[in-house]
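Enquirer: Just one file: data_1.pdb, with PDB, C-alpha atoms.
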ATOM      1  CA  MET A   1     117.471  87.006  82.830
ATOM      2  CA  LYS A   2     114.175  86.483  84.678
ATOM      3  CA  ARG A   3     113.921  90.181  85.466
ATOM      4  CA  LYS A   4     114.524  91.138  81.846
ATOM      5  CA  CYS A   5     111.777  88.749  80.709
ATOM      6  CA  ALA A   6     109.396  90.095  83.342
ATOM      7  CA  VAL A   7     110.105  93.691  82.327
ATOM      8  CA  LEU A   8     109.603  92.891  78.639
ATOM      9  CA  ILE A   9     106.319  91.118  79.355
ATOM     10  CA  PHE A  10     105.165  94.038  81.496
ATOM     11  CA  ILE A  11     106.016  96.557  78.757
ATOM     12  CA  PHE A  12     104.271  94.413  76.153
ATOM     13  CA  LEU A  13     101.129  94.178  78.284
ATOM     14  CA  MET A  14     101.111  97.936  78.859
ATOM     15  CA  PHE A  15     100.806  98.579  75.119
ATOM     16  CA  ILE A  16      97.996  96.128  74.400
ATOM     17  CA  PHE A  17      94.886  98.132  73.666
ATOM     18  CA  TYR A  18      91.458  97.055  72.682
ATOM     19  CA  ASP A  19      88.229  98.975  72.372
ATOM     20  CA  SER A  20      86.251  98.378  75.508
ATOM     21  CA  LEU A  21      82.489  98.329  75.133
ATOM     22  CA  ALA A  22      81.738  97.819  78.809
ATOM     23  CA  GLN A  23      78.436  99.626  79.098
ATOM     24  CA  CYS A  24      75.201  98.532  80.625
ATOM     25  CA  PRO A  25      72.299  98.259  78.148
ATOM     26  CA  MET A  26      70.570 101.390  79.468
ATOM     27  CA  CYS A  27      73.720 103.491  79.138
ATOM     28  CA  LYS A  28      74.328 102.115  75.653
ATOM     29  CA  ILE A  29      70.784 102.984  74.512
ATOM     30  CA  ALA A  30      71.050 106.497  75.967
ATOM     31  CA  ALA A  31      74.440 107.072  74.347
ATOM     32  CA  GLU A  32      73.293 105.764  70.950
ATOM     33  CA  SER A  33      70.168 107.925  70.960
ATOM     34  CA  ASN A  34      72.265 110.944  71.902
ATOM     35  CA  LEU A  35      74.678 110.274  69.026
ATOM     36  CA  GLU A  36      71.809 109.832  66.567
ATOM     37  CA  ASN A  37      70.435 113.228  67.588
ATOM     38  CA  GLY A  38      73.793 114.931  66.984
ATOM     39  CA  GLY A  39      75.125 114.855  70.545
ATOM     40  CA  THR A  40      78.605 113.841  71.681
ATOM     41  CA  ALA A  41      77.803 112.352  75.102
ATOM     42  CA  GLY A  42      78.391 108.780  73.885
ATOM     43  CA  LYS A  43      82.021 109.425  73.039
ATOM     44  CA  GLY A  44      82.599 111.028  76.420
ATOM     45  CA  LEU A  45      80.910 108.123  78.176
ATOM     46  CA  ASN A  46      83.290 105.587  76.610
ATOM     47  CA  THR A  47      86.298 107.747  77.449
ATOM     48  CA  GLY A  48      85.119 108.064  81.049
ATOM     49  CA  ILE A  49      84.719 104.310  81.390
ATOM     50  CA  LEU A  50      88.256 103.704  80.116
ATOM     51  CA  TYR A  51      89.601 106.432  82.433
ATOM     52  CA  MET A  52      87.969 104.862  85.497
ATOM     53  CA  LEU A  53      89.216 101.437  84.450
ATOM     54  CA  SER A  54      92.842 102.587  84.174
ATOM     55  CA  LEU A  55      93.057 104.456  87.488
ATOM     56  CA  PRO A  56      93.508 101.379  89.762
ATOM     57  CA  TYR A  57      96.304 100.086  87.528
ATOM     58  CA  VAL A  58      98.094 103.434  87.681
ATOM     59  CA  LEU A  59      97.814 103.522  91.483
ATOM     60  CA  ILE A  60      99.134  99.976  91.850
ATOM     61  CA  SER A  61     102.013 100.792  89.479
ATOM     62  CA  VAL A  62     102.963 103.890  91.496
ATOM     63  CA  ILE A  63     102.864 101.945  94.771
ATOM     64  CA  GLY A  64     104.979  99.178  93.222
ATOM     65  CA  PHE A  65     107.503 101.703  91.911
ATOM     66  CA  ILE A  66     107.799 103.376  95.320
ATOM     67  CA  TRP A  67     108.214  99.990  96.967
ATOM     68  CA  TYR A  68     110.879  99.014  94.428
ATOM     69  CA  LYS A  69     112.844 102.231  95.009
ATOM     70  CA  ASN A  70     112.659 101.936  98.813
ATOM     71  CA  ARG A  71     113.571  98.278  99.185
ATOM     72  CA  LYS A  72     116.964  97.240 100.481
ATOM     73  CA  THR A  73     119.506  97.076  97.675
ATOM     74  CA  GLY A  74     121.786  94.485  99.354
ATOM     75  CA  GLU A  75     119.264  91.679  99.172
ATOM     76  CA  ASP A  76     118.889  89.297  96.271
ATOM     77  CA  MET A  77     115.147  88.976  96.006
ATOM     78  CA  PRO A  78     113.853  86.460  93.472
ATOM     79  CA  LEU A  79     111.340  87.790  90.988
TER      80      LEU A  79
END
Translate this file's structure into structure tokens.
Expert:
Amino acid sequence: MKRKCAVLIFIFLMFIFYDSLAQCPMCKIAAESNLENGGTAGKGLNTGILYMLSLPYVLISVIGFIWYKNRKTGEDMPL
């Protein structure tokens, strides 16, 4: 039962999304001025920030999955 709850919580947390505005003031000013002049660099900047933010979570998930698959199956490990 504990594992099912943990898996459901993990899946729920994976689908939570919010718009991240994690830019320094200088980057924000440069991106806004570019957008006002008809450029598209601001949209790419936000996408790049979100991409860099997600990469550590993907790596940790892959390592955890490999560990889970390679662990001994005869043991009862508490969650």
Enquirer: By how many Å are atom CA of A:Ser54 and atom CA of A:Met1 apart?
Expert: 29.2 Å
Enquirer: Out of A:Leu45, A:Ile11, A:Pro56, A:Cys5, which residue has the shortest atom-to-atom distance to A:Cys27 when counting only C-alpha atoms?
Expert: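 For A:Cys27, the nearest of the candidates is A:Leu45.
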Enquirer: Taking the file as I've supplied it (selection: the PyMOL selection byres ((chain A and resi 43) around 12)), which residues are included? Please answer as a PDB file with C-alpha atoms, in the coordinates of the input.
Expert:
ATOM      1  CA  LEU A  21      82.489  98.329  75.133  1.00  0.00           C
ATOM      2  CA  CYS A  27      73.720 103.491  79.138  1.00  0.00           C
ATOM      3  CA  LYS A  28      74.328 102.115  75.653  1.00  0.00           C
ATOM      4  CA  ALA A  30      71.050 106.497  75.967  1.00  0.00           C
ATOM      5  CA  ALA A  31      74.440 107.072  74.347  1.00  0.00           C
ATOM      6  CA  GLU A  32      73.293 105.764  70.950  1.00  0.00           C
ATOM      7  CA  ASN A  34      72.265 110.944  71.902  1.00  0.00           C
ATOM      8  CA  LEU A  35      74.678 110.274  69.026  1.00  0.00           C
ATOM      9  CA  GLY A  38      73.793 114.931  66.984  1.00  0.00           C
ATOM     10  CA  GLY A  39      75.125 114.855  70.545  1.00  0.00           C
ATOM     11  CA  THR A  40      78.605 113.841  71.681  1.00  0.00           C
ATOM     12  CA  ALA A  41      77.803 112.352  75.102  1.00  0.00           C
ATOM     13  CA  GLY A  42      78.391 108.780  73.885  1.00  0.00           C
ATOM     14  CA  GLY A  44      82.599 111.028  76.420  1.00  0.00           C
ATOM     15  CA  LEU A  45      80.910 108.123  78.176  1.00  0.00           C
ATOM     16  CA  ASN A  46      83.290 105.587  76.610  1.00  0.00           C
ATOM     17  CA  THR A  47      86.298 107.747  77.449  1.00  0.00           C
ATOM     18  CA  GLY A  48      85.119 108.064  81.049  1.00  0.00           C
ATOM     19  CA  ILE A  49      84.719 104.310  81.390  1.00  0.00           C
ATOM     20  CA  LEU A  50      88.256 103.704  80.116  1.00  0.00           C
TER      21      LEU A  50
END
Enquirer: What is the distance between atom CA of A:Ile63 and atom CA of A:Ile9, in Å to one decimal?
Expert: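 Going from atom CA of A:Ile63 over to atom CA of A:Ile9, I get 19.2 Å.
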Enquirer: What does the distance between atom CA of A:Tyr51 and atom CA of A:Phe65 come to in Å, to one decimal place?
Expert: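 According to the coordinates, atom CA of A:Tyr51 and atom CA of A:Phe65 are separated by 20.8 Å.
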